[in-house]
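Chemist: Dropping in upload.txt, which is compact mmCIF, C-alpha atoms:
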# COMPACT_ATOMS: atom_id res chain seq x y z
CA MET J 1 -35.30 -21.98 -0.21
CA SER J 2 -35.95 -19.94 2.91
CA ASP J 3 -32.45 -19.94 4.45
CA PRO J 4 -31.01 -16.45 3.75
CA ASN J 5 -27.48 -17.87 3.79
CA THR J 6 -28.12 -20.15 0.85
CA SER J 7 -30.94 -18.44 -1.05
CA PRO J 8 -29.57 -17.02 -4.28
CA LEU J 9 -30.44 -13.44 -5.18
CA PRO J 10 -31.43 -12.48 -8.70
CA GLY J 11 -27.72 -11.88 -9.45
CA GLY J 12 -26.92 -15.42 -8.35
CA LEU J 13 -25.03 -14.56 -5.15
CA PRO J 14 -26.21 -15.73 -1.72
CA ASP J 15 -27.42 -13.07 0.74
CA ALA J 16 -24.75 -13.96 3.30
CA TYR J 17 -21.97 -13.45 0.78
CA LEU J 18 -23.36 -10.07 -0.26
CA GLU J 19 -23.59 -8.99 3.38
CA THR J 20 -19.96 -10.04 3.90
CA LEU J 21 -18.92 -8.19 0.75
CA HIS J 22 -20.73 -5.00 1.81
CA ALA J 23 -19.15 -5.16 5.28
CA TYR J 24 -15.72 -5.69 3.70
CA ASP J 25 -16.21 -2.71 1.34
CA ALA J 26 -17.40 -0.47 4.20
CA LEU J 27 -14.43 -1.45 6.36
CA ASN J 28 -12.04 -0.80 3.47
CA ALA J 29 -13.55 2.65 2.93
CA SER J 30 -13.12 3.57 6.58
CA LEU J 31 -9.56 2.23 6.68
CA ARG J 32 -8.64 4.19 3.55
CA VAL J 33 -9.18 7.45 5.47
CA GLY J 34 -6.82 6.46 8.30
CA ASN J 35 -4.25 5.01 5.90
CA LYS J 36 -4.23 8.28 3.94
CA VAL J 37 -3.64 10.28 7.13
CA ALA J 38 -0.82 7.98 8.27
CA LEU J 39 0.85 8.00 4.86
CA LEU J 40 0.65 11.77 4.39
CA ALA J 41 2.06 12.27 7.91
CA ALA J 42 5.01 10.00 7.10
CA LEU J 43 5.63 11.89 3.85
CA ALA J 44 5.49 15.23 5.67
CA SER J 45 7.96 13.99 8.30
CA ALA J 46 10.34 13.09 5.48
CA GLY J 47 10.06 16.57 3.93
CA ILE J 48 8.26 15.22 0.86
CA THR J 49 5.71 17.64 -0.60
CA HIS J 50 4.32 15.62 -3.50
CA VAL J 51 4.30 12.06 -4.79
CA VAL J 52 3.24 11.21 -8.34
CA VAL J 53 2.26 7.59 -9.01
CA SER J 54 1.79 6.52 -12.64
CA PHE J 55 -0.08 3.34 -13.55
CA ASP J 56 -0.89 1.50 -16.76
CA GLY J 57 -2.72 -1.68 -17.62
CA TYR J 58 -4.54 -3.60 -20.32
CA GLY J 59 -5.28 -7.17 -21.36
CA ASP J 60 -6.05 -8.35 -17.81
CA SER J 61 -2.86 -7.07 -16.21
CA GLY J 62 -1.80 -3.74 -14.86
CA GLN J 63 0.80 -2.25 -12.61
CA ILE J 64 2.20 0.87 -11.10
CA GLU J 65 4.86 2.13 -13.49
CA THR J 66 6.59 4.81 -11.40
CA VAL J 67 6.52 6.42 -7.97
CA GLU J 68 8.19 9.83 -7.97
CA ALA J 69 8.68 11.75 -4.72
CA ARG J 70 9.37 15.47 -4.70
CA ALA J 71 10.44 18.05 -2.15
CA SER J 72 9.01 21.26 -3.63
CA HIS J 73 9.90 20.71 -7.29
CA ALA J 74 13.08 18.67 -6.80
CA PRO J 75 12.96 14.88 -7.13
CA VAL J 76 14.00 13.03 -3.95
CA GLU J 77 14.43 9.43 -2.90
CA LEU J 78 11.88 7.90 -0.57
CA PRO J 79 13.39 7.42 2.88
CA ASP J 80 13.78 3.99 4.42
CA THR J 81 10.86 4.33 6.84
CA SER J 82 7.74 2.29 7.49
CA VAL J 83 4.08 3.21 7.78
CA GLY J 84 1.37 1.30 9.62
CA ILE J 85 -1.27 0.41 7.03
CA ALA J 86 -4.56 -1.21 8.08
CA GLU J 87 -6.11 -3.78 5.77
CA ALA J 88 -9.46 -5.50 5.72
CA GLU J 89 -9.70 -9.23 5.21
CA MET J 90 -12.84 -10.71 3.72
CA GLY J 91 -15.11 -12.09 6.43
CA ASP J 92 -13.13 -10.60 9.32
CA PRO J 93 -14.64 -7.52 11.00
CA GLU J 94 -11.27 -6.55 12.52
CA PRO J 95 -8.56 -5.03 10.31
CA VAL J 96 -4.97 -6.19 10.29
CA THR J 97 -2.26 -3.53 10.54
CA ARG J 98 1.09 -4.11 8.90
CA ASP J 99 4.16 -1.91 8.82
CA LEU J 100 5.02 -1.35 5.17
CA PRO J 101 8.02 0.42 3.68
CA LEU J 102 6.99 3.90 2.55
CA GLY J 103 7.08 2.99 -1.16
CA ASP J 104 4.93 -0.11 -0.58
CA ALA J 105 2.45 1.93 1.49
CA ILE J 106 2.11 4.44 -1.36
CA GLU J 107 1.47 1.63 -3.86
CA HIS J 108 -0.99 -0.07 -1.48
CA LEU J 109 -3.06 3.10 -1.15
CA ALA J 110 -2.94 3.77 -4.90
CA TYR J 111 -4.15 0.24 -5.72
CA ASP J 112 -6.81 0.51 -3.03
CA CYS J 113 -8.11 3.78 -4.49
CA LEU J 114 -8.12 2.28 -7.99
CA ALA J 115 -10.08 -0.74 -6.80
CA ALA J 116 -12.58 1.53 -5.05
CA THR J 117 -13.17 3.82 -8.04
CA HIS J 118 -12.31 1.84 -11.18
CA CYS J 119 -12.42 -1.85 -10.36
CA GLY J 120 -11.19 -3.81 -13.37
CA TRP J 121 -9.17 -0.86 -14.74
CA GLU J 122 -6.60 -3.28 -16.13
CA ASN J 123 -9.06 -5.41 -18.12
CA GLY J 124 -9.69 -5.31 -21.86
CA ASP J 125 -8.22 -2.18 -23.45
CA GLY J 126 -7.33 -1.07 -19.92
CA ALA J 127 -6.58 2.28 -18.43
CA TYR J 128 -3.72 4.52 -17.43
CA GLY J 129 -3.24 7.60 -15.33
CA GLU J 130 -1.63 9.04 -12.27
CA PHE J 131 -2.20 9.87 -8.66
CA VAL J 132 -0.86 13.04 -7.10
CA PHE J 133 -0.33 12.95 -3.35
CA ASP J 134 -0.25 16.61 -2.23
CA VAL J 135 1.07 16.48 1.31
CA ALA J 136 0.42 20.14 2.26
CA ALA J 137 -3.15 20.06 0.95
CA GLY J 138 -3.77 16.64 2.48
CA THR J 139 -5.19 15.33 -0.78
CA ILE J 140 -4.77 12.45 -3.16
CA THR J 141 -6.11 13.11 -6.64
CA LEU J 142 -6.56 10.59 -9.43
CA ASP J 143 -6.40 11.35 -13.14
CA HIS J 144 -7.82 8.16 -14.71
CA ASN J 145 -8.07 7.46 -18.45
CA ASP J 146 -10.05 4.51 -19.82
CA ARG J 147 -9.04 3.01 -23.12
CA TYR J 148 -11.62 1.53 -25.44
CA THR J 149 -11.96 0.34 -28.97
CA ALA J 150 -14.74 1.99 -30.91
CA VAL J 151 -16.41 0.58 -33.95
CA GLU J 152 -18.62 2.61 -36.21
CA THR J 153 -20.67 0.46 -38.56
CA HIS J 154 -22.72 1.61 -41.53
CA ASN J 155 -25.05 -0.54 -43.57
CA HIS J 156 -26.59 0.80 -46.78
CA SER J 157 -29.10 -0.71 -49.15
CA PHE J 158 -29.76 0.90 -52.52
Is it possible to give me this structure as structure tokens?

Modeler:
Amino acid sequence: MSDPNTSPLPGGLPDAYLETLHAYDALNASLRVGNKVALLAALASAGITHVVVSFDGYGDSGQIETVEARASHAPVELPDTSVGIAEAEMGDPEPVTRDLPLGDAIEHLAYDCLAATHCGWENGDGAYGEFVFDVAAGTITLDHNDRYTAVETHNHSF
């Protein structure tokens, strides 16, 4: 087969699909930077200094457990504001921007960062952890913990 759009690679995926996937991943990575800036700006405008997002998953499902906003050290409610979040769609070189409620935008960015760094975090024994959005520092940090089952086998012949 000489057509690069149908010729399977050693991994079994056609070249054209892999090119589309790489373009999608690159677009997502570039959008993540702008989405982070927009989200942190919205949090700063609301007087929020930190957001802690806890997640947990195993057995092929996972979810965000809590989203806690803080002003200094005091817990606060997220305001009823929206943030423009850009999203990539597979096969489309142009992103789509949607206005999301602040809480949904936080979750979107957290899931996006998880997918980028620990794809499949919810599978098998799963994983858990938390994100800390530090508005003043302009950072989002991830503390990620993988779960696994270990087996230690010994075989003796005497």

Chemist: For Arg32 of chain J, list every protein, DNA or RNA residue within 10 Å, evaluated using all atoms listed in the file, and leave out those in the same chain fewer than 2 positions away; present the list as a list of chain:residue names.

Modeler: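 Selected residues are J:Ala26, J:Leu27, J:Asn28, J:Ala29, J:Ser30, J:Gly34, J:Asn35, J:Lys36, J:Val37, J:Ala38, J:Ile85, J:Ala86, J:Glu87, J:Ala88, J:Leu109, J:Asp112, J:Cys113, J:Ala116.
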
Chemist: Select, from J:Asp125, J:Asp146, J:Asp104, J:Glu152, the residue with the minimum atom-to-atom distance to Pro79 of chain J, counting all atoms listed in the file.

Modeler: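 The closest residue to Pro79 of chain J is J:Asp104.
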
Chemist: Quick one: residues within 12 Å of His118 of chain J, only C-alpha atoms counted, chain neighbours fewer than 6 positions away excluded, as a ChimeraX atom specification?

Modeler: /J:110-112,126-129,142-146

Chemist: Between J:Ala74, J:Met90, J:Val51, J:Leu40, which one has atoms that come closest to Ala23 of chain J, using all atoms listed in the file?

Modeler: J:Met90

Chemist: Considering only C-alpha atoms, can you say which of J:Phe133, J:Glu122, J:Val151, J:Pro93 comes closest to Tyr24 of chain J?

Modeler: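 The closest residue to Tyr24 of chain J is J:Pro93.
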
Chemist: Of the residues J:Thr149, J:Thr97, J:Ser61, J:Asn123, which is the one nearest to Ser82 of chain J, using only C-alpha atoms?

Modeler: J:Thr97

Chemist: Taking all atoms listed in the file into account, which of J:Asp60, J:Asp99, J:Glu94, J:Asp15 comes nearest Thr81 of chain J?

Modeler: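 Nearest to Thr81 of chain J: J:Asp99.
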
Chemist: Of the candidates J:Ile106, J:Val52, J:Cys119, J:Val132, which one gets nearest to Thr66 of chain J if we count all atoms listed in the file?

Modeler: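 Once distances to Thr66 of chain J are computed over all atoms listed in the file, the minimum belongs to J:Val52.
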
Chemist: So that I can check the surroundings of Gly124 of chain J, please list as a count of residues only every protein, DNA and RNA residue that reaches within 9 Å of it, counting all atoms listed in the file and ignoring chain neighbours fewer than 4 positions away.

Modeler: 7

Chemist: Build an axis-aligned box that encloses every atom of segment 21-26 of chain J listed in the file, pad it by 6 Å on each side, and report its centre and edge lengths in Å to one decimal, as JSON.

Modeler:
{"center_x": -18.2, "center_y": -4.3, "center_z": 3.0, "size_x": 17.0, "size_y": 19.7, "size_z": 16.5}

Chemist: Would you mind reading off the distance between atom CA of His108 of chain J and atom CA of Asp134 of chain J, one decimal, in Å?

Modeler: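 Interatomic distance, atom CA of His108 of chain J to atom CA of Asp134 of chain J: 16.7 Å.
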
Chemist: As a compact mmCIF listing (two decimals), in the coordinates of the input, please: segment 12-37 of chain J completed to N, CA, C and O atoms.

Modeler:
# COMPACT_ATOMS: atom_id res chain seq x y z
N GLY J 12 -27.53 -14.11 -8.52
CA GLY J 12 -26.92 -15.42 -8.35
C GLY J 12 -26.01 -15.53 -7.13
O GLY J 12 -25.42 -16.58 -6.92
N LEU J 13 -25.89 -14.49 -6.33
CA LEU J 13 -25.03 -14.56 -5.15
C LEU J 13 -25.87 -14.71 -3.90
O LEU J 13 -26.89 -14.04 -3.74
N PRO J 14 -25.46 -15.55 -2.96
CA PRO J 14 -26.21 -15.73 -1.72
C PRO J 14 -26.21 -14.45 -0.88
O PRO J 14 -25.25 -13.68 -0.90
N ASP J 15 -27.28 -14.25 -0.12
CA ASP J 15 -27.42 -13.07 0.74
C ASP J 15 -26.24 -12.92 1.69
O ASP J 15 -25.72 -11.82 1.88
N ALA J 16 -25.83 -14.02 2.32
CA ALA J 16 -24.75 -13.96 3.30
C ALA J 16 -23.45 -13.46 2.67
O ALA J 16 -22.72 -12.68 3.28
N TYR J 17 -23.18 -13.91 1.46
CA TYR J 17 -21.97 -13.45 0.78
C TYR J 17 -22.05 -11.96 0.50
O TYR J 17 -21.07 -11.22 0.70
N LEU J 18 -23.21 -11.49 0.02
CA LEU J 18 -23.36 -10.07 -0.26
C LEU J 18 -23.22 -9.22 1.00
O LEU J 18 -22.62 -8.15 0.97
N GLU J 19 -23.75 -9.71 2.11
CA GLU J 19 -23.59 -8.99 3.38
C GLU J 19 -22.11 -8.92 3.76
O GLU J 19 -21.63 -7.88 4.21
N THR J 20 -21.39 -10.02 3.60
CA THR J 20 -19.96 -10.04 3.90
C THR J 20 -19.21 -9.09 2.99
O THR J 20 -18.32 -8.34 3.43
N LEU J 21 -19.57 -9.08 1.71
CA LEU J 21 -18.92 -8.19 0.75
C LEU J 21 -19.17 -6.73 1.08
O LEU J 21 -18.25 -5.91 1.05
N HIS J 22 -20.41 -6.38 1.45
CA HIS J 22 -20.73 -5.00 1.81
C HIS J 22 -19.98 -4.58 3.07
O HIS J 22 -19.50 -3.44 3.16
N ALA J 23 -19.89 -5.47 4.04
CA ALA J 23 -19.15 -5.16 5.28
C ALA J 23 -17.67 -4.96 4.96
O ALA J 23 -17.03 -4.04 5.50
N TYR J 24 -17.12 -5.80 4.11
CA TYR J 24 -15.72 -5.69 3.70
C TYR J 24 -15.47 -4.35 3.00
O TYR J 24 -14.50 -3.64 3.29
N ASP J 25 -16.35 -3.98 2.06
CA ASP J 25 -16.21 -2.71 1.34
C ASP J 25 -16.31 -1.52 2.29
O ASP J 25 -15.55 -0.55 2.16
N ALA J 26 -17.24 -1.57 3.24
CA ALA J 26 -17.40 -0.47 4.20
C ALA J 26 -16.17 -0.35 5.09
O ALA J 26 -15.70 0.77 5.37
N LEU J 27 -15.63 -1.47 5.54
CA LEU J 27 -14.43 -1.45 6.36
C LEU J 27 -13.26 -0.89 5.57
O LEU J 27 -12.50 -0.05 6.06
N ASN J 28 -13.11 -1.32 4.33
CA ASN J 28 -12.04 -0.80 3.47
C ASN J 28 -12.15 0.71 3.31
O ASN J 28 -11.14 1.42 3.38
N ALA J 29 -13.35 1.21 3.10
CA ALA J 29 -13.55 2.65 2.93
C ALA J 29 -13.14 3.41 4.18
O ALA J 29 -12.49 4.46 4.10
N SER J 30 -13.48 2.88 5.34
CA SER J 30 -13.12 3.57 6.58
C SER J 30 -11.62 3.49 6.84
O SER J 30 -11.01 4.45 7.33
N LEU J 31 -11.00 2.39 6.49
CA LEU J 31 -9.56 2.23 6.68
C LEU J 31 -8.77 3.13 5.73
O LEU J 31 -7.69 3.62 6.08
N ARG J 32 -9.31 3.36 4.54
CA ARG J 32 -8.64 4.19 3.55
C ARG J 32 -8.38 5.59 4.12
O ARG J 32 -7.32 6.18 3.89
N VAL J 33 -9.32 6.12 4.88
CA VAL J 33 -9.18 7.45 5.47
C VAL J 33 -7.99 7.48 6.44
O VAL J 33 -7.12 8.36 6.36
N GLY J 34 -7.92 6.52 7.34
CA GLY J 34 -6.82 6.46 8.30
C GLY J 34 -5.49 6.18 7.64
O GLY J 34 -4.45 6.73 8.05
N ASN J 35 -5.49 5.32 6.61
CA ASN J 35 -4.25 5.01 5.90
C ASN J 35 -3.72 6.25 5.17
O ASN J 35 -2.51 6.50 5.15
N LYS J 36 -4.63 7.04 4.61
CA LYS J 36 -4.23 8.28 3.94
C LYS J 36 -3.58 9.23 4.94
O LYS J 36 -2.50 9.78 4.67
N VAL J 37 -4.19 9.40 6.11
CA VAL J 37 -3.64 10.28 7.13
C VAL J 37 -2.25 9.81 7.57
O VAL J 37 -1.31 10.61 7.66
